[in-house]
Amino acid sequence: MSGPDSTAAEQKSRSTAWQTALTTVQEVEPPFIPPGAHAMTVVIEYPPGDPGAPPHRHPGPAFGYVLEGEMLMELEGRPPRPIPAGEAFWEPGGDVIHYQDGNNRDDMPVRFVVTMLCEPGKPMLTLVDEAELAERAHLRVPRGS
């Protein structure tokens with residue numbers, strides 16, 4: 001049914017929840033975005049105590065949010081830090097090594113969502129070999145610092 005009364009009825013029935021539904025959890029300025037980048041959003045789930053992916057890097061920045069549990073995050077040049085459920089994180093990508101993204105808890109799983117800006121034709125994750133880790137050891141923050 002259309003007419004002047006249907007428009008007024010539609011406007012009355014619309015929710016205003018959208019006006020207060022937004023909560024900013026993170027706002028950052030990434031150092032670069034690869035030319036022609038595309039976005040990829042993934043959900044990562046690790047069982048209790050799992051160390052996560054081996055040291056790696058991403059071709060572009062990555063932005064994430066911990067949904068459940070607690071992740072242990074360690075990026076080159078920064079000390080490891082726990083990120084509990086409900087907190088956001090990001091990494092610059094590029095040449096920076098991502099040492100840890102594992103489950104910081106041994107009593108529950110961790111689940112987090114990550115949106116990565118990927119360079120076309122490159123994998124979203126590249127493992128770092130032992131020789132490069134040794135060569136860049138001076139860039140890793142010692143544990144306990």
# chains A, B, ... in the order shown; residues from 1 in each chain; ligands from 1

$ residues_around --residues "His38 (chain A)" --least-positions-apart "6" --cutoff "9 Å" --atoms "only C-alpha atoms" --output "MDAnalysis selection string"
chainID A and resid 116:120

$ select_by_dssp --residues "region 13-60 of chain A" --states "strand (DSSP E)" --output "list of chain:residue names"
A:His38, A:Ala39, A:Met40, A:Thr41, A:Val42, A:Val43, A:Ile44, A:Glu45, A:Tyr46, A:His56, A:Arg57

$ select_by_dssp --residues "region 15-138 of chain A" --states "alpha helix (DSSP H)" --output "VMD selection string"
chain A and resid 130 to 135

$ write_last_selection --atoms "N, CA and C atoms" --output "mmCIF file, in the first residue's frame"
data_model
loop_
_atom_site.group_PDB
_atom_site.id
_atom_site.type_symbol
_atom_site.label_atom_id
_atom_site.label_comp_id
_atom_site.auth_asym_id
_atom_site.auth_seq_id
_atom_site.Cartn_x
_atom_site.Cartn_y
_atom_site.Cartn_z
ATOM 1 N N GLU A 130 64.439 -19.347 9.987
ATOM 2 C CA GLU A 130 65.353 -19.240 11.137
ATOM 3 C C GLU A 130 66.535 -18.322 10.854
ATOM 4 N N ALA A 131 67.048 -18.327 9.634
ATOM 5 C CA ALA A 131 68.191 -17.470 9.298
ATOM 6 C C ALA A 131 67.814 -15.995 9.423
ATOM 7 N N GLU A 132 66.645 -15.634 8.929
ATOM 8 C CA GLU A 132 66.216 -14.235 9.044
ATOM 9 C C GLU A 132 65.916 -13.866 10.491
ATOM 10 N N LEU A 133 65.331 -14.788 11.250
ATOM 11 C CA LEU A 133 65.073 -14.514 12.666
ATOM 12 C C LEU A 133 66.384 -14.225 13.398
ATOM 13 N N ALA A 134 67.421 -15.012 13.104
ATOM 14 C CA ALA A 134 68.724 -14.800 13.741
ATOM 15 C C ALA A 134 69.325 -13.457 13.317
ATOM 16 N N GLU A 135 69.193 -13.126 12.044
ATOM 17 C CA GLU A 135 69.733 -11.876 11.515
ATOM 18 C C GLU A 135 69.048 -10.646 12.126
#

$ closest_residue --among "A:Pro31, A:Gly69, A:Gly52, A:Gly64" --to "Val114 (chain A)" --atoms "only C-alpha atoms"
A:Gly64

$ residues_around --residues "Pro47 (chain A)" --least-positions-apart "3" --cutoff "12 Å" --atoms "only C-alpha atoms" --output "JSON, numbers by chain"
{"A": [44, 50, 51, 52, 68, 69, 70, 71, 102, 103, 104, 105, 106, 107, 108, 109, 110, 111]}

$ write_last_selection --atoms "all heavy atoms" --output "compact mmCIF listing (two decimals), in the first residue's frame"
# COMPACT_ATOMS: atom_id res chain seq x y z
N ILE A 44 40.21 -16.40 13.39
CA ILE A 44 41.25 -17.33 13.83
C ILE A 44 40.80 -17.92 15.17
O ILE A 44 40.37 -17.17 16.05
CB ILE A 44 42.60 -16.61 14.04
CG1 ILE A 44 42.93 -15.71 12.87
CG2 ILE A 44 43.69 -17.58 14.43
CD1 ILE A 44 43.70 -16.29 11.76
N ASP A 50 47.57 -22.96 22.79
CA ASP A 50 48.20 -23.09 21.48
C ASP A 50 49.08 -21.88 21.19
O ASP A 50 48.68 -20.74 21.39
CB ASP A 50 47.13 -23.21 20.39
CG ASP A 50 47.71 -23.67 19.07
OD1 ASP A 50 48.25 -22.83 18.33
OD2 ASP A 50 47.63 -24.88 18.80
N PRO A 51 50.32 -22.11 20.70
CA PRO A 51 51.24 -20.99 20.46
C PRO A 51 50.89 -20.15 19.23
O PRO A 51 51.44 -19.07 19.03
CB PRO A 51 52.59 -21.68 20.26
CG PRO A 51 52.24 -23.04 19.76
CD PRO A 51 50.94 -23.40 20.44
N GLY A 52 49.97 -20.62 18.39
CA GLY A 52 49.57 -19.85 17.21
C GLY A 52 50.52 -20.04 16.05
O GLY A 52 51.32 -20.97 16.01
N GLU A 68 36.86 -13.89 21.93
CA GLU A 68 36.79 -14.75 23.11
C GLU A 68 38.20 -15.10 23.54
O GLU A 68 39.10 -15.25 22.71
CB GLU A 68 36.06 -16.06 22.79
CG GLU A 68 34.64 -15.90 22.33
CD GLU A 68 34.05 -17.23 21.87
OE1 GLU A 68 34.50 -18.30 22.34
OE2 GLU A 68 33.16 -17.19 21.02
N GLY A 69 38.39 -15.27 24.84
CA GLY A 69 39.69 -15.70 25.36
C GLY A 69 40.69 -14.55 25.44
O GLY A 69 40.30 -13.38 25.63
N GLU A 70 41.98 -14.89 25.29
CA GLU A 70 43.03 -13.89 25.40
C GLU A 70 44.20 -14.28 24.49
O GLU A 70 44.77 -15.35 24.63
CB GLU A 70 43.50 -13.80 26.85
CG GLU A 70 44.51 -12.71 27.10
CD GLU A 70 44.84 -12.58 28.58
OE1 GLU A 70 45.75 -13.30 29.03
OE2 GLU A 70 44.17 -11.79 29.26
N MET A 71 44.54 -13.39 23.58
CA MET A 71 45.65 -13.62 22.65
C MET A 71 46.93 -13.05 23.25
O MET A 71 46.89 -12.08 24.00
CB MET A 71 45.37 -12.90 21.33
CG MET A 71 46.50 -13.08 20.33
SD MET A 71 46.74 -11.70 19.21
CE MET A 71 45.20 -11.58 18.39
N GLY A 102 49.40 -16.28 19.55
CA GLY A 102 48.84 -17.50 20.15
C GLY A 102 47.87 -17.24 21.28
O GLY A 102 47.60 -16.11 21.68
N ASN A 103 47.36 -18.35 21.82
CA ASN A 103 46.44 -18.30 22.94
C ASN A 103 47.24 -18.11 24.23
O ASN A 103 48.10 -18.92 24.56
CB ASN A 103 45.64 -19.60 23.00
CG ASN A 103 44.48 -19.52 23.97
OD1 ASN A 103 44.47 -18.68 24.87
ND2 ASN A 103 43.52 -20.39 23.80
N ASN A 104 46.96 -17.06 24.94
CA ASN A 104 47.67 -16.75 26.19
C ASN A 104 47.10 -17.52 27.38
O ASN A 104 47.65 -17.43 28.46
CB ASN A 104 47.60 -15.24 26.46
CG ASN A 104 48.65 -14.79 27.46
OD1 ASN A 104 49.79 -15.24 27.41
ND2 ASN A 104 48.28 -13.91 28.35
N ARG A 105 46.03 -18.24 27.18
CA ARG A 105 45.38 -18.97 28.27
C ARG A 105 45.41 -20.47 27.98
O ARG A 105 45.26 -20.89 26.83
CB ARG A 105 43.92 -18.53 28.40
CG ARG A 105 43.70 -17.04 28.62
CD ARG A 105 43.84 -16.63 30.06
NE ARG A 105 42.97 -17.37 30.94
CZ ARG A 105 41.78 -16.92 31.37
NH1 ARG A 105 41.34 -15.74 31.00
NH2 ARG A 105 41.06 -17.66 32.19
N ASP A 106 45.61 -21.26 29.03
CA ASP A 106 45.58 -22.71 28.83
C ASP A 106 44.28 -23.33 29.33
O ASP A 106 44.13 -24.54 29.36
CB ASP A 106 46.80 -23.39 29.47
CG ASP A 106 46.90 -23.14 30.96
OD1 ASP A 106 45.95 -22.59 31.57
OD2 ASP A 106 47.94 -23.50 31.53
N ASP A 107 43.33 -22.48 29.72
CA ASP A 107 42.06 -22.97 30.23
C ASP A 107 40.86 -22.65 29.33
O ASP A 107 39.73 -22.99 29.67
CB ASP A 107 41.80 -22.40 31.64
CG ASP A 107 41.72 -20.88 31.67
OD1 ASP A 107 42.23 -20.24 30.73
OD2 ASP A 107 41.13 -20.34 32.61
N MET A 108 41.10 -22.01 28.20
CA MET A 108 40.00 -21.68 27.28
C MET A 108 40.56 -21.40 25.89
O MET A 108 41.72 -21.02 25.76
CB MET A 108 39.22 -20.46 27.77
CG MET A 108 40.03 -19.16 27.76
SD MET A 108 39.09 -17.68 28.23
CE MET A 108 38.55 -18.09 29.85
N PRO A 109 39.73 -21.58 24.86
CA PRO A 109 40.19 -21.23 23.51
C PRO A 109 40.24 -19.71 23.33
O PRO A 109 39.70 -18.96 24.14
CB PRO A 109 39.12 -21.86 22.60
CG PRO A 109 37.96 -22.16 23.46
CD PRO A 109 38.42 -22.17 24.88
N VAL A 110 40.92 -19.28 22.27
CA VAL A 110 40.90 -17.87 21.89
C VAL A 110 40.33 -17.80 20.48
O VAL A 110 40.56 -18.69 19.65
CB VAL A 110 42.31 -17.21 21.95
CG1 VAL A 110 43.26 -17.79 20.91
CG2 VAL A 110 42.21 -15.70 21.78
N ARG A 111 39.56 -16.77 20.24
CA ARG A 111 38.97 -16.55 18.92
C ARG A 111 39.05 -15.07 18.62
O ARG A 111 38.63 -14.24 19.43
CB ARG A 111 37.53 -17.03 18.90
CG ARG A 111 36.93 -17.17 17.53
CD ARG A 111 35.67 -18.05 17.59
NE ARG A 111 34.57 -17.34 18.16
CZ ARG A 111 33.60 -16.76 17.46
NH1 ARG A 111 33.60 -16.84 16.14
NH2 ARG A 111 32.64 -16.12 18.06

$ closest_residue --among "A:Arg136, A:Ala17, A:Leu22, A:Phe112" --to "Gly77 (chain A)" --atoms "only C-alpha atoms"
A:Arg136

$ closest_residue --among "A:Glu27, A:Pro55, A:Val43, A:Ala88" --to "Glu76 (chain A)" --atoms "only C-alpha atoms"
A:Pro55
